[in-house]
Structures are given as C-alpha cells and as structure tokens.
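Chemist: Next comes the structure file protein34.tsv, holding TSV, C-alpha atoms.
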```tsv
chain	number	residue	atom	x	y	z
R	87	MET	CA	-0.61	-8.02	-19.57
R	88	GLU	CA	3.16	-8.53	-19.70
R	89	ARG	CA	4.78	-9.24	-16.31
R	90	GLN	CA	6.68	-6.34	-14.75
R	91	ARG	CA	9.83	-6.51	-12.62
R	92	ILE	CA	10.57	-4.44	-9.54
R	93	LEU	CA	13.94	-4.25	-7.79
R	94	ILE	CA	14.09	-3.47	-4.06
R	95	VAL	CA	17.50	-2.10	-3.04
R	96	GLU	CA	17.52	-1.98	0.77
R	97	ASP	CA	20.03	-3.18	3.37
R	98	SER	CA	17.44	-3.89	6.07
R	99	PRO	CA	15.92	-7.39	5.75
R	100	THR	CA	12.95	-6.16	7.81
R	101	MET	CA	12.18	-3.39	5.31
R	102	ARG	CA	12.73	-5.69	2.34
R	103	GLN	CA	10.28	-8.22	3.75
R	104	LEU	CA	7.73	-5.49	4.45
R	105	LEU	CA	8.05	-4.06	0.92
R	106	VAL	CA	7.76	-7.52	-0.64
R	107	PHE	CA	4.58	-8.05	1.40
R	108	ALA	CA	3.11	-4.83	0.07
R	109	LEU	CA	4.17	-5.29	-3.57
R	110	ARG	CA	2.91	-8.88	-3.73
R	111	ARG	CA	-0.57	-7.40	-3.82
R	112	LEU	CA	0.09	-6.19	-7.35
R	113	PRO	CA	-0.78	-8.89	-9.86
R	114	GLY	CA	1.71	-9.69	-12.63
R	115	VAL	CA	4.75	-8.34	-10.80
R	116	ASP	CA	8.05	-10.12	-10.10
R	117	ILE	CA	10.10	-8.80	-7.19
R	118	VAL	CA	13.88	-9.04	-6.88
R	119	GLU	CA	15.85	-7.95	-3.79
R	120	ALA	CA	19.30	-6.37	-3.53
R	121	GLN	CA	21.00	-5.71	-0.20
R	122	ASP	CA	23.09	-2.64	-1.06
R	123	GLY	CA	23.76	-0.18	-3.87
R	124	MET	CA	26.47	-2.29	-5.51
R	125	ASP	CA	24.31	-5.41	-5.47
R	126	GLY	CA	21.48	-3.29	-6.90
R	127	LEU	CA	23.66	-1.93	-9.72
R	128	ARG	CA	24.82	-5.46	-10.61
R	129	LYS	CA	21.24	-6.67	-10.81
R	130	LEU	CA	20.06	-3.61	-12.76
R	131	SER	CA	22.90	-4.04	-15.26
R	132	SER	CA	22.28	-7.73	-15.86
R	133	ASP	CA	18.51	-7.76	-16.12
R	134	HIS	CA	15.57	-5.62	-17.18
R	135	PHE	CA	13.56	-3.84	-14.47
R	136	ASP	CA	10.46	-1.69	-14.80
R	137	LEU	CA	10.97	0.10	-11.47
R	138	ALA	CA	13.45	0.33	-8.58
R	139	LEU	CA	12.74	1.10	-4.91
R	140	ILE	CA	15.97	2.41	-3.40
R	141	ASP	CA	16.99	3.21	0.18
R	142	ILE	CA	19.50	6.04	0.70
R	143	ASN	CA	21.61	4.94	3.67
R	144	MET	CA	23.22	1.64	2.71
R	145	PRO	CA	26.67	0.10	3.08
R	146	VAL	CA	29.06	-0.43	0.13
R	147	MET	CA	27.19	2.02	-2.16
R	148	ASP	CA	24.48	4.40	-0.99
R	149	GLY	CA	21.21	5.00	-2.79
R	150	LEU	CA	22.05	8.48	-4.11
R	151	LYS	CA	25.26	7.21	-5.73
R	152	LEU	CA	23.27	4.38	-7.31
R	153	ILE	CA	20.65	6.78	-8.71
R	154	GLY	CA	23.40	9.03	-10.12
R	155	LEU	CA	25.03	6.05	-11.86
R	156	MET	CA	21.67	4.84	-13.20
R	157	ARG	CA	20.87	8.22	-14.73
R	158	GLY	CA	24.27	8.22	-16.47
R	159	GLU	CA	23.63	4.88	-18.16
R	160	ASP	CA	21.61	4.78	-21.39
R	161	GLU	CA	19.90	1.48	-20.50
R	162	LEU	CA	18.96	2.55	-16.96
R	163	ARG	CA	18.21	6.24	-17.54
R	164	ASP	CA	14.46	5.70	-17.92
R	165	VAL	CA	13.90	3.15	-15.14
R	166	PRO	CA	11.58	4.87	-12.63
R	167	VAL	CA	13.10	5.19	-9.15
R	168	VAL	CA	11.27	5.51	-5.83
R	169	VAL	CA	13.44	6.52	-2.88
R	170	ILE	CA	12.37	5.07	0.48
R	171	THR	CA	14.37	6.55	3.34
R	172	THR	CA	14.45	7.73	6.94
R	173	GLU	CA	15.84	11.10	5.75
R	174	GLY	CA	12.89	13.48	5.99
R	175	ALA	CA	14.67	16.83	5.45
R	176	GLU	CA	13.53	18.90	2.46
R	177	GLN	CA	17.09	19.26	1.13
R	178	ASP	CA	17.47	15.45	1.07
R	179	ARG	CA	14.25	15.16	-0.92
R	180	GLU	CA	15.34	17.89	-3.36
R	181	ARG	CA	18.76	16.31	-3.79
R	182	ALA	CA	17.31	12.89	-4.60
R	183	LEU	CA	14.78	14.34	-7.04
R	184	ARG	CA	17.50	16.46	-8.68
R	185	LEU	CA	19.62	13.34	-9.15
R	186	GLY	CA	16.72	11.73	-11.01
R	187	ALA	CA	14.49	9.98	-8.47
R	188	ASN	CA	10.83	10.02	-9.55
R	189	GLU	CA	9.30	9.80	-6.05
R	190	TYR	CA	10.54	10.26	-2.49
R	191	LEU	CA	8.86	8.42	0.38
R	192	THR	CA	9.93	8.59	4.01
R	193	LYS	CA	9.92	5.83	6.63
R	194	PRO	CA	7.98	4.54	8.40
R	195	ILE	CA	6.22	3.63	5.18
R	196	GLN	CA	2.50	3.23	4.58
R	197	ALA	CA	1.91	0.26	2.31
R	198	ASN	CA	-1.04	1.99	0.57
R	199	ARG	CA	1.09	4.99	-0.32
R	200	VAL	CA	3.90	2.80	-1.68
R	201	LEU	CA	1.38	0.83	-3.76
R	202	ALA	CA	-0.23	3.98	-5.13
R	203	VAL	CA	3.16	5.40	-6.20
R	204	VAL	CA	4.30	2.10	-7.74
R	205	ARG	CA	0.98	1.66	-9.60
R	206	SER	CA	1.23	5.15	-11.01
R	207	LEU	CA	4.87	4.75	-12.15
R	208	LEU	CA	4.12	1.35	-13.69
R	209	LYS	CA	1.10	3.00	-15.39
R	210	ARG	CA	-1.34	0.56	-13.79
R	211	ASP	CA	-3.96	3.13	-12.74
U	272	MET	CA	-30.57	5.58	-94.76
U	273	SER	CA	-29.08	3.17	-92.27
U	274	GLU	CA	-27.90	6.15	-90.17
U	275	ASP	CA	-31.47	7.47	-89.95
U	276	ARG	CA	-32.63	4.02	-88.85
U	277	SER	CA	-30.08	3.67	-86.08
U	278	GLU	CA	-30.85	7.21	-84.82
U	279	LEU	CA	-34.52	6.32	-84.75
U	280	SER	CA	-33.77	3.13	-82.84
U	281	ALA	CA	-31.66	5.07	-80.25
U	282	ARG	CA	-34.43	7.58	-79.68
U	283	GLY	CA	-36.91	4.73	-79.32
U	284	GLU	CA	-34.70	3.15	-76.63
U	285	GLU	CA	-34.47	6.48	-74.81
U	286	PHE	CA	-38.23	6.86	-74.83
U	287	VAL	CA	-38.73	3.32	-73.46
U	288	GLN	CA	-36.32	4.05	-70.59
U	289	LEU	CA	-38.08	7.32	-69.80
U	290	PHE	CA	-41.41	5.53	-69.85
U	291	ASN	CA	-40.11	2.80	-67.49
U	292	ARG	CA	-38.81	5.38	-65.01
U	293	GLY	CA	-42.20	7.13	-65.08
U	294	MET	CA	-43.89	3.79	-64.46
U	295	GLU	CA	-41.68	3.04	-61.48
U	296	PHE	CA	-42.34	6.51	-60.00
U	297	THR	CA	-46.11	6.03	-60.40
U	298	ARG	CA	-45.91	2.65	-58.60
U	299	GLU	CA	-44.03	4.25	-55.74
U	300	LEU	CA	-46.67	6.97	-55.44
U	301	LEU	CA	-49.39	4.31	-55.34
U	302	ARG	CA	-47.57	2.41	-52.56
U	303	GLU	CA	-47.20	5.56	-50.48
U	304	ASN	CA	-50.84	6.41	-51.05
U	305	GLU	CA	-51.82	2.92	-49.82
U	306	GLY	CA	-49.71	3.41	-46.64
U	307	LEU	CA	-51.30	6.76	-45.91
U	308	ARG	CA	-54.79	5.32	-46.34
U	309	ARG	CA	-53.99	2.54	-43.84
U	310	ARG	CA	-52.66	5.06	-41.29
U	311	LEU	CA	-55.78	7.19	-41.78
U	312	ALA	CA	-57.98	4.15	-41.18
U	313	GLU	CA	-56.06	3.37	-37.94
U	314	LEU	CA	-56.48	6.92	-36.69
U	315	GLU	CA	-60.19	6.81	-37.45
U	316	ASP	CA	-60.45	3.56	-35.44
U	317	GLU	CA	-58.58	5.14	-32.48
U	318	GLN	CA	-60.88	8.17	-32.61
U	319	GLN	CA	-63.96	5.96	-32.64
U	320	ASN	CA	-62.70	3.98	-29.60
U	321	ALA	CA	-61.83	7.13	-27.63
U	322	ALA	CA	-64.07	8.59	-24.94
U	323	ARG	CA	-67.16	10.11	-26.38
U	324	THR	CA	-69.23	10.90	-23.23
U	325	PRO	CA	-68.30	12.89	-20.06
U	326	SER	CA	-68.42	9.66	-18.01
U	327	ASP	CA	-65.92	8.10	-20.39
U	328	TRP	CA	-63.67	11.13	-19.97
U	329	GLU	CA	-63.96	10.87	-16.15
U	330	LYS	CA	-63.03	7.18	-16.28
U	331	LEU	CA	-60.05	7.93	-18.48
U	332	ARG	CA	-58.96	10.72	-16.13
U	333	ARG	CA	-59.17	8.39	-13.09
U	334	GLU	CA	-57.19	5.73	-14.90
U	335	LEU	CA	-54.50	8.22	-15.85
U	336	LEU	CA	-54.35	9.60	-12.27
U	337	ALA	CA	-54.01	6.05	-10.90
U	338	LYS	CA	-51.26	5.40	-13.41
U	339	ILE	CA	-49.46	8.62	-12.34
U	340	ARG	CA	-49.80	7.66	-8.65
U	341	GLY	CA	-48.38	4.21	-9.41
U	342	LEU	CA	-45.44	5.71	-11.28
U	343	GLU	CA	-44.80	8.22	-8.48
U	344	SER	CA	-44.79	5.47	-5.87
U	345	GLU	CA	-42.47	3.35	-8.02
U	346	HIS	CA	-40.21	6.39	-8.41
U	347	ALA	CA	-40.15	6.98	-4.63
U	348	SER	CA	-39.38	3.33	-3.95
U	349	LEU	CA	-36.55	3.35	-6.53
U	350	ARG	CA	-35.17	6.51	-4.94
U	351	GLU	CA	-35.23	4.88	-1.52
U	352	ARG	CA	-33.44	1.83	-2.88
U	353	LEU	CA	-30.85	4.03	-4.57
U	354	ILE	CA	-30.17	5.87	-1.31
U	355	GLU	CA	-29.93	2.54	0.50
U	356	VAL	CA	-27.53	1.12	-2.11
U	357	GLU	CA	-25.42	4.29	-1.96
U	358	SER	CA	-25.19	4.09	1.81
U	359	ARG	CA	-24.30	0.38	1.65
U	360	ASN	CA	-21.66	1.23	-0.94
U	361	ARG	CA	-20.16	3.83	1.38
U	362	ALA	CA	-20.19	1.33	4.25
U	363	PHE	CA	-18.43	-1.26	2.05
U	364	ALA	CA	-15.83	1.32	0.95
U	365	ASP	CA	-15.17	2.27	4.61
U	366	ARG	CA	-14.96	-1.40	5.55
U	367	TYR	CA	-12.57	-2.05	2.67
U	368	LEU	CA	-10.30	0.78	3.81
U	369	SER	CA	-10.32	-0.40	7.39
U	370	ILE	CA	-9.55	-4.00	6.32
U	371	GLU	CA	-6.70	-2.68	4.13
U	372	GLU	CA	-5.31	-0.78	7.10
U	373	GLU	CA	-5.72	-3.82	9.35
U	374	ASN	CA	-3.95	-5.92	6.72
U	375	ASN	CA	-1.04	-3.46	6.54
U	376	ASN	CA	-0.78	-3.38	10.33
U	377	LEU	CA	-0.78	-7.17	10.51
U	378	ALA	CA	1.98	-7.27	7.88
U	379	ASN	CA	4.08	-4.92	10.06
U	380	LEU	CA	3.50	-7.02	13.17
U	381	TYR	CA	4.17	-10.28	11.31
U	382	VAL	CA	7.42	-8.97	9.81
U	383	ALA	CA	8.58	-7.67	13.21
U	384	SER	CA	7.99	-10.96	15.03
U	385	TYR	CA	9.26	-13.04	12.09
U	386	GLN	CA	12.54	-11.12	11.97
U	387	LEU	CA	13.01	-11.18	15.76
U	388	HIS	CA	12.76	-14.97	15.83
U	389	SER	CA	14.90	-15.51	12.74
U	390	THR	CA	18.18	-15.81	14.64
U	391	LEU	CA	19.79	-17.24	17.78
U	392	GLU	CA	22.58	-14.65	17.98
U	393	VAL	CA	22.14	-11.99	20.67
U	394	ASP	CA	23.88	-9.31	18.54
U	395	GLU	CA	21.67	-10.16	15.60
U	396	VAL	CA	18.51	-9.90	17.75
U	397	LEU	CA	19.69	-6.47	18.92
U	398	ARG	CA	20.38	-5.42	15.31
U	399	ILE	CA	16.90	-6.55	14.22
U	400	THR	CA	15.33	-4.74	17.18
U	401	ILE	CA	17.14	-1.56	16.09
U	402	GLU	CA	15.87	-2.03	12.50
U	403	ILE	CA	12.30	-2.42	13.72
U	404	VAL	CA	12.47	0.65	15.93
U	405	ILE	CA	13.94	2.79	13.13
U	406	ASN	CA	12.05	1.50	10.10
U	407	LEU	CA	8.67	0.42	11.45
U	408	ILE	CA	8.22	2.78	14.41
U	409	GLY	CA	10.23	5.74	13.10
U	410	ALA	CA	12.42	6.52	16.13
U	411	ASP	CA	15.95	7.78	15.58
U	412	VAL	CA	17.20	8.20	19.17
U	413	PHE	CA	16.79	5.21	21.45
U	414	ALA	CA	18.61	2.68	23.61
U	415	ILE	CA	18.21	-1.00	24.41
U	416	TYR	CA	18.94	-2.01	28.00
U	417	LEU	CA	19.49	-5.37	29.69
U	418	LEU	CA	18.70	-5.92	33.35
U	419	ASP	CA	21.44	-6.73	35.83
U	420	GLU	CA	19.27	-8.69	38.24
U	421	ALA	CA	21.79	-8.73	41.09
U	422	ARG	CA	22.12	-4.94	41.09
U	423	GLN	CA	18.55	-4.28	39.95
U	424	GLU	CA	19.98	-1.95	37.36
U	425	LEU	CA	19.33	-1.46	33.66
U	426	ARG	CA	22.43	-1.04	31.47
U	427	ALA	CA	22.37	0.11	27.88
U	428	VAL	CA	23.82	-2.49	25.50
U	429	SER	CA	23.00	-0.72	22.26
U	430	ALA	CA	22.06	2.83	21.27
U	431	GLN	CA	21.11	4.74	18.13
U	432	GLY	CA	21.33	8.48	17.59
U	433	ILE	CA	23.23	8.85	20.86
U	434	GLU	CA	26.60	7.56	22.03
U	435	LEU	CA	26.27	4.40	24.10
U	436	ALA	CA	28.60	5.88	26.73
U	437	ARG	CA	26.21	8.84	27.14
U	438	VAL	CA	23.29	6.59	28.05
U	439	PRO	CA	23.24	6.36	31.85
U	440	ALA	CA	22.42	3.16	33.73
U	441	CYS	CA	19.06	3.22	35.43
U	442	ARG	CA	17.95	1.68	38.72
U	443	VAL	CA	14.70	-0.28	38.73
U	444	GLY	CA	11.96	1.87	40.25
U	445	GLU	CA	13.77	5.17	39.59
U	446	GLY	CA	13.08	7.61	36.79
U	447	ARG	CA	10.67	7.06	33.93
U	448	LEU	CA	12.35	3.92	32.66
U	449	GLY	CA	12.95	2.43	36.10
U	450	ARG	CA	9.29	2.92	37.06
U	451	ALA	CA	8.04	1.35	33.83
U	452	VAL	CA	10.27	-1.68	34.49
U	453	SER	CA	9.17	-2.03	38.12
U	454	GLU	CA	5.51	-1.84	37.01
U	455	ARG	CA	6.23	-4.21	34.06
U	456	ALA	CA	4.15	-1.92	31.84
U	457	ILE	CA	4.77	0.20	28.75
U	458	HIS	CA	4.84	3.88	29.65
U	459	SER	CA	4.22	6.43	26.93
U	460	PHE	CA	4.55	10.21	27.30
U	461	ASP	CA	2.66	11.52	24.28
U	462	ASP	CA	2.65	15.14	25.43
U	463	GLU	CA	6.47	15.39	25.26
U	464	PRO	CA	8.14	16.99	22.21
U	465	THR	CA	9.05	14.14	19.87
U	466	GLN	CA	12.57	15.49	19.36
U	467	GLY	CA	13.39	15.66	23.11
U	468	ARG	CA	16.36	13.28	22.85
U	469	ASP	CA	17.01	13.35	26.60
U	470	PRO	CA	18.10	9.88	27.83
U	471	GLU	CA	16.72	10.71	31.29
U	472	ARG	CA	13.29	11.58	29.87
U	473	PRO	CA	12.37	8.93	27.28
U	474	LEU	CA	9.16	9.36	25.27
U	475	VAL	CA	8.32	5.68	25.54
U	476	CYS	CA	9.61	3.02	27.93
U	477	ILE	CA	9.09	-0.60	26.86
U	478	PRO	CA	10.01	-3.24	29.44
U	479	LEU	CA	11.09	-6.50	27.76
U	480	ARG	CA	9.32	-9.28	29.65
U	481	ILE	CA	8.80	-13.01	29.60
U	482	ASP	CA	6.04	-14.41	31.81
U	483	GLY	CA	5.99	-11.19	33.78
U	484	GLN	CA	9.75	-11.36	34.33
U	485	VAL	CA	11.61	-8.31	32.99
U	486	ILE	CA	14.94	-8.99	31.25
U	487	GLY	CA	15.59	-5.53	29.83
U	488	ALA	CA	13.95	-2.49	28.24
U	489	ILE	CA	13.84	-0.20	25.24
U	490	ALA	CA	13.66	3.56	25.73
U	491	LEU	CA	12.68	5.79	22.81
U	492	MET	CA	14.01	9.33	23.18
U	493	GLY	CA	13.47	10.96	19.78
U	494	LEU	CA	11.48	10.42	16.59
U	495	LEU	CA	12.32	11.00	12.94
U	496	GLN	CA	11.40	14.56	11.93
U	497	GLN	CA	8.58	13.34	9.66
U	498	LYS	CA	7.02	11.31	12.50
U	499	PRO	CA	4.55	13.55	14.35
U	500	GLY	CA	3.54	11.08	17.09
U	501	PHE	CA	2.51	7.52	17.81
U	502	SER	CA	-0.28	5.64	16.06
U	503	ALA	CA	-2.35	2.63	17.10
U	504	LEU	CA	0.03	0.47	15.06
U	505	ASP	CA	2.99	1.84	17.04
U	506	GLN	CA	1.30	0.78	20.30
U	507	GLU	CA	0.91	-2.73	18.84
U	508	LEU	CA	4.56	-2.73	17.79
U	509	PHE	CA	5.55	-1.74	21.36
U	510	ASN	CA	3.64	-4.80	22.57
U	511	VAL	CA	5.33	-7.04	19.99
U	512	LEU	CA	8.76	-5.73	21.02
U	513	ALA	CA	7.95	-6.08	24.73
U	514	VAL	CA	7.22	-9.79	24.35
U	515	HIS	CA	8.98	-11.00	21.19
U	516	ALA	CA	12.26	-9.07	21.54
U	517	ALA	CA	12.42	-10.34	25.14
U	518	THR	CA	11.81	-13.95	24.06
U	519	ALA	CA	14.31	-13.66	21.20
U	520	ILE	CA	17.04	-12.16	23.44
U	521	PHE	CA	16.33	-14.75	26.15
U	522	ALA	CA	16.47	-17.65	23.65
U	523	ALA	CA	19.65	-16.32	22.04
U	524	ARG	CA	21.36	-15.97	25.44
U	525	LEU	CA	20.32	-19.49	26.45
U	526	TYR	CA	21.61	-20.80	23.14
U	527	SER	CA	24.94	-19.05	23.54
U	528	GLN	CA	25.27	-20.33	27.15
U	529	SER	CA	24.47	-23.90	26.09
U	530	GLU	CA	26.97	-23.58	23.21
U	531	ARG	CA	29.63	-22.50	25.70
U	532	LYS	CA	28.75	-25.34	28.07
U	533	LEU	CA	28.79	-27.83	25.23
U	534	ASN	CA	32.24	-26.63	24.18
U	535	THR	CA	33.51	-26.98	27.77
U	536	ILE	CA	32.10	-30.50	28.11
U	537	GLN	CA	33.51	-31.42	24.70
U	538	GLY	CA	36.88	-30.07	25.89
U	539	PHE	CA	36.74	-32.30	28.99
U	540	ILE	CA	35.76	-35.32	26.94
U	541	ASP	CA	38.63	-34.64	24.53
U	542	LEU	CA	41.02	-34.30	27.51
U	543	LEU	CA	39.83	-37.58	29.07
U	544	ALA	CA	39.98	-39.38	25.76
U	545	ARG	CA	43.67	-38.54	25.29
```
Rewrite the coordinates I just gave you, this time as structure tokens.

Modeler:
Amino acid sequence: MERQRILIVEDSPTMRQLLVFALRRLPGVDIVEAQDGMDGLRKLSSDHFDLALIDINMPVMDGLKLIGLMRGEDELRDVPVVVITTEGAEQDRERALRLGANEYLTKPIQANRVLAVVRSLLKRD
Amino acid sequence: MSEDRSELSARGEEFVQLFNRGMEFTRELLRENEGLRRRLAELEDEQQNAARTPSDWEKLRRELLAKIRGLESEHASLRERLIEVESRNRAFADRYLSIEEENNNLANLYVASYQLHSTLEVDEVLRITIEIVINLIGADVFAIYLLDEARQELRAVSAQGIELARVPACRVGEGRLGRAVSERAIHSFDDEPTQGRDPERPLVCIPLRIDGQVIGAIALMGLLQQKPGFSALDQELFNVLAVHAATAIFAARLYSQSERKLNTIQGFIDLLAR
C-alpha cells in the first residue's frame, strides 16, 4: 500500500504530541506537524497530504480561516479535514462543517475515536 | 460418363461416412451396456451381503444406533467447544479494548509528564500546565496558585476563563482550596454543576506537592460544555499534575534563582578583575 501523509495543524505541543502518539498506530502513515494556520497552509501548499487535522483556536491564522482557504484552492479542495477543538457548541460545529470540514471532534480527545475517523477518511476500513 | 463415375464415388463416400458413424454409435451403446451390467453386478453383491435374518437386522440396528449415539456425543462436544471458544473470544475482545484504553491513558499521562519536564522556565511550565488542563482534562475555567509560605496564603499566578484579578487569594486551611492544601490531598466535588465557575467553590482542588511539601495548587472551576464529568483518567492526570507540575515549577524556580546568583557572582568577579 502506498504511504499516506497526515498534517497536524495545532498550536499546542502537548496536543500535537498526543495526536502523533495516536496516529503512529496506523501503519504506512507519515505525520507532519504545523504550529499554526499559516504554517499549515505553507506545508499544505508545498507538499501532498492525504488528510489534515486542524485546531480552530490558533495564533497567526485560525483553523476556520485555513479550512476556508483550502476549500478555495483546486489542489487542496479534496483534502479531507478533521477539526479537533475545545469549541463544543453546535453552531461552531455547523460552521466548520459548512466551511468544508469533513469531521468535527471536540477535546479532550479519545484516541480511538480519532483513529476511527482518520481510518475512515483515509479509506482504511 | 466421367460425371456419372464421380457422382457414384461421392455417394459411396457418403455411405462410408454414414456407416462409420453408425459403427461408432453402436460401440458407445456397447460400452454403456457394459457399465450398466457392472453396476447391476455390484448391487446384486450388496444385496447378497445385506442382512437376511431378523438377528442380522437387529445387529445392524444396534450398530446404527451406536453410530447415531457417537455422532450425537461428538456433536454435543463440538457445541461445547464452540461455546467455549466464543466465550474466550469475547474475553479476548474485552481484554483488547481494556488494553487499548489503558494504552491511551498511558499516552496521556506520558505526554503530560514529558511536556511538564521539557523546560526550565517557570512561565513555560505554567503555560504547559494550562495546556494540559484545557486539552487533556477539558477544563475551561481554572487558576494556578503559588504558596506564600510566610503568609500561609495561596495567590493566583495564572488563570484561564476568568480574569486573574478576580481570583481571590486563599488562606491555607480556609475554604475548599485552603483545606485541600492543608490536608495535602486532592479534593474533588463531583456533585457540583460542572459549569459553576465560582472561584470560591472550585470543582477540584489539586495541591502541588513535593515530598509532602505544598508549593502551590490548581483549582478547576468549570469544564468545557462537552465534558460531562471526571473520568478515571482525569483522576490520574490530577495526580500527575500534583506531583510533576510541582516538581517542574520547583526546578524552574531553582534554576532561575541559580541563574540570578550566577549573574551576580559573575558581576562581582568582573568588578574585581577590572
């Protein structure tokens, strides 16, 4: 199977480390980290990714802005996006999904849930 | 004349072919007949060997009954084994799930302690503590206090979801937080509404301690709306924070003091060397 690449866009090093721990359980996956929306956009524009996990509240560029920009770009339009955030309100979820996020997970995360969502979006079921 | 001859020859050929086909068909019939005769002979043999007297029939019946009993017992034993395998399968699946959960919990605890000890800057330790409380525990209103030993008073040095100025100081032994600190034990009030957000009535009080000595505390006052309550993992994270955040803050303060002292000594040396 061809290797797949996942980008984690998250400003908290603690969350990034936790997500890397969880995703490492998937065989054949390379993980790249970005520490804010701008860093994430740079990495998405310069390399191919099969999926992006994006936090909402981040400095420099927030996650919703990043998703909006991704969905406006031909090359990034189809990259699946999973939002991982502390924002648990229904309107936040709806807004993110309307902007083009494929899944919306709230913190604190459960590694099994994250893995299940990632597996399904990478079509590894 | 020659035309008549060639027509005669063609008809002769046709007849020979027809004759050959008839011959082949006859051979086939003979082969089939031979097969049927053999089968008939076999059946006659079987009939001759079969029971011919009532005692033979009785023997055959007993043999068949024994065979049925044997098959029934084999069937029952296979059924038992199937049930046993199914139950072992279920036990393995449960065990797998519990190991997965344990693994996830350990990852959380490892990441929390790893991050807390990744720096020697007090502000950075406080920032990491805040990250852990928000992202791993799921609290959105809380404060971190340091103990003023001389006054026996806890003072908030960092707060989330509430203005730092609105977080009152707390005397050791007084109020929920003060009592938790004087008892050097984590106090949790699970029956409180998780969105209480009252700094005087924290949901959880975590004294930060090293060798039984308290250096500060964390008070959780409100949880994220999607967080219904505390889990077993949260209790473990409270324990990690109680010990590791305390050690990390203590180490960072010592480091900063020694840095300051080193700079002073270096200043003296530079002065004397002039």

Chemist: Can you work out which residues from chain R touch chain U at a cut-off of 9 Å (counting only C-alpha atoms) and hand them back as a list in words?

Modeler: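 Taken together, these residues fit the definition: Ser98, Pro99, Thr100, Met101, Gln103, Leu104, Phe107, Ala108, Thr171, Thr172, Glu173, Gly174, Ala175, Thr192, Lys193, Pro194, Ile195, Gln196, Ala197 and Asn198 of chain R.
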
Chemist: What separation in Å, quoted to one decimal, exists between atom CA of Val514 of chain U and atom CA of Ile481 of chain U?

Modeler: 6.4 Å

Chemist: Sorted by chain and rising residue number, which residues of segment 112-200 of chain R lie within 6 Å of segment 88-91 of chain R, and what are their closest atom pairs and distances in Å to one decimal, counting all atoms listed in the file, as a tab-separated table?

Modeler:
```
residue	atom	partner	partner_atom	distance
R:Gly114	CA	R:Arg89	CA	4.8
R:Val115	CA	R:Gln90	CA	4.8
R:Asp116	CA	R:Arg91	CA	4.7
R:Ile117	CA	R:Arg91	CA	5.9
R:Phe135	CA	R:Arg91	CA	4.9
R:Asp136	CA	R:Arg91	CA	5.3
```

Chemist: Which residue, R:Ala202, R:Val95, R:Val167, R:Leu112, has the smallest gap to Pro145 of chain R when you use all atoms listed in the file?

Modeler: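 Among the listed residues, the smallest separation from Pro145 of chain R belongs to R:Val95.
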
Chemist: What is the distance between atom CA of Val485 of chain U and atom CA of Leu418 of chain U, in Å to one decimal?

Modeler: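 Separating atom CA of Val485 of chain U from atom CA of Leu418 of chain U is a distance of 7.5 Å.
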
Chemist: What is the distance between atom CA of Ser389 of chain U and atom CA of Thr518 of chain U, in Å to one decimal?

Modeler: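 Answer for the atom CA of Ser389 of chain U to atom CA of Thr518 of chain U separation: 11.8 Å.
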
Chemist: Excluding same-chain residues fewer than 5 positions from segment 157-163 of chain R, what lies within 9 Å of it counting only C-alpha atoms, as a list in words?

Modeler: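 Result of the neighbour search: Leu130, Ser131, His134, Phe135, Leu152, Leu185 and Gly186 of chain R.
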
Chemist: For Tyr190 of chain R, please output as a ChimeraX atom specification all residues within 9 Å (counting all atoms listed in the file; exclusion window: fewer than 3 positions along the same chain).

Modeler: /R:167-171,179,182-183,187

Chemist: Which residue gives the smallest distance to Phe501 of chain U among U:Ala362, U:Phe460, U:Ala523, U:Ile536, with only C-alpha atoms counted?

Modeler: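 Answer, going by the shortest atom-to-atom distance: U:Phe460.
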
Chemist: Of the candidates R:Leu155, R:Leu139, R:Val146, R:Leu201, which one gets nearest to Pro113 of chain R if we count only C-alpha atoms?

Modeler: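 Looking at the shortest contact to Pro113 of chain R, the residue is R:Leu201.
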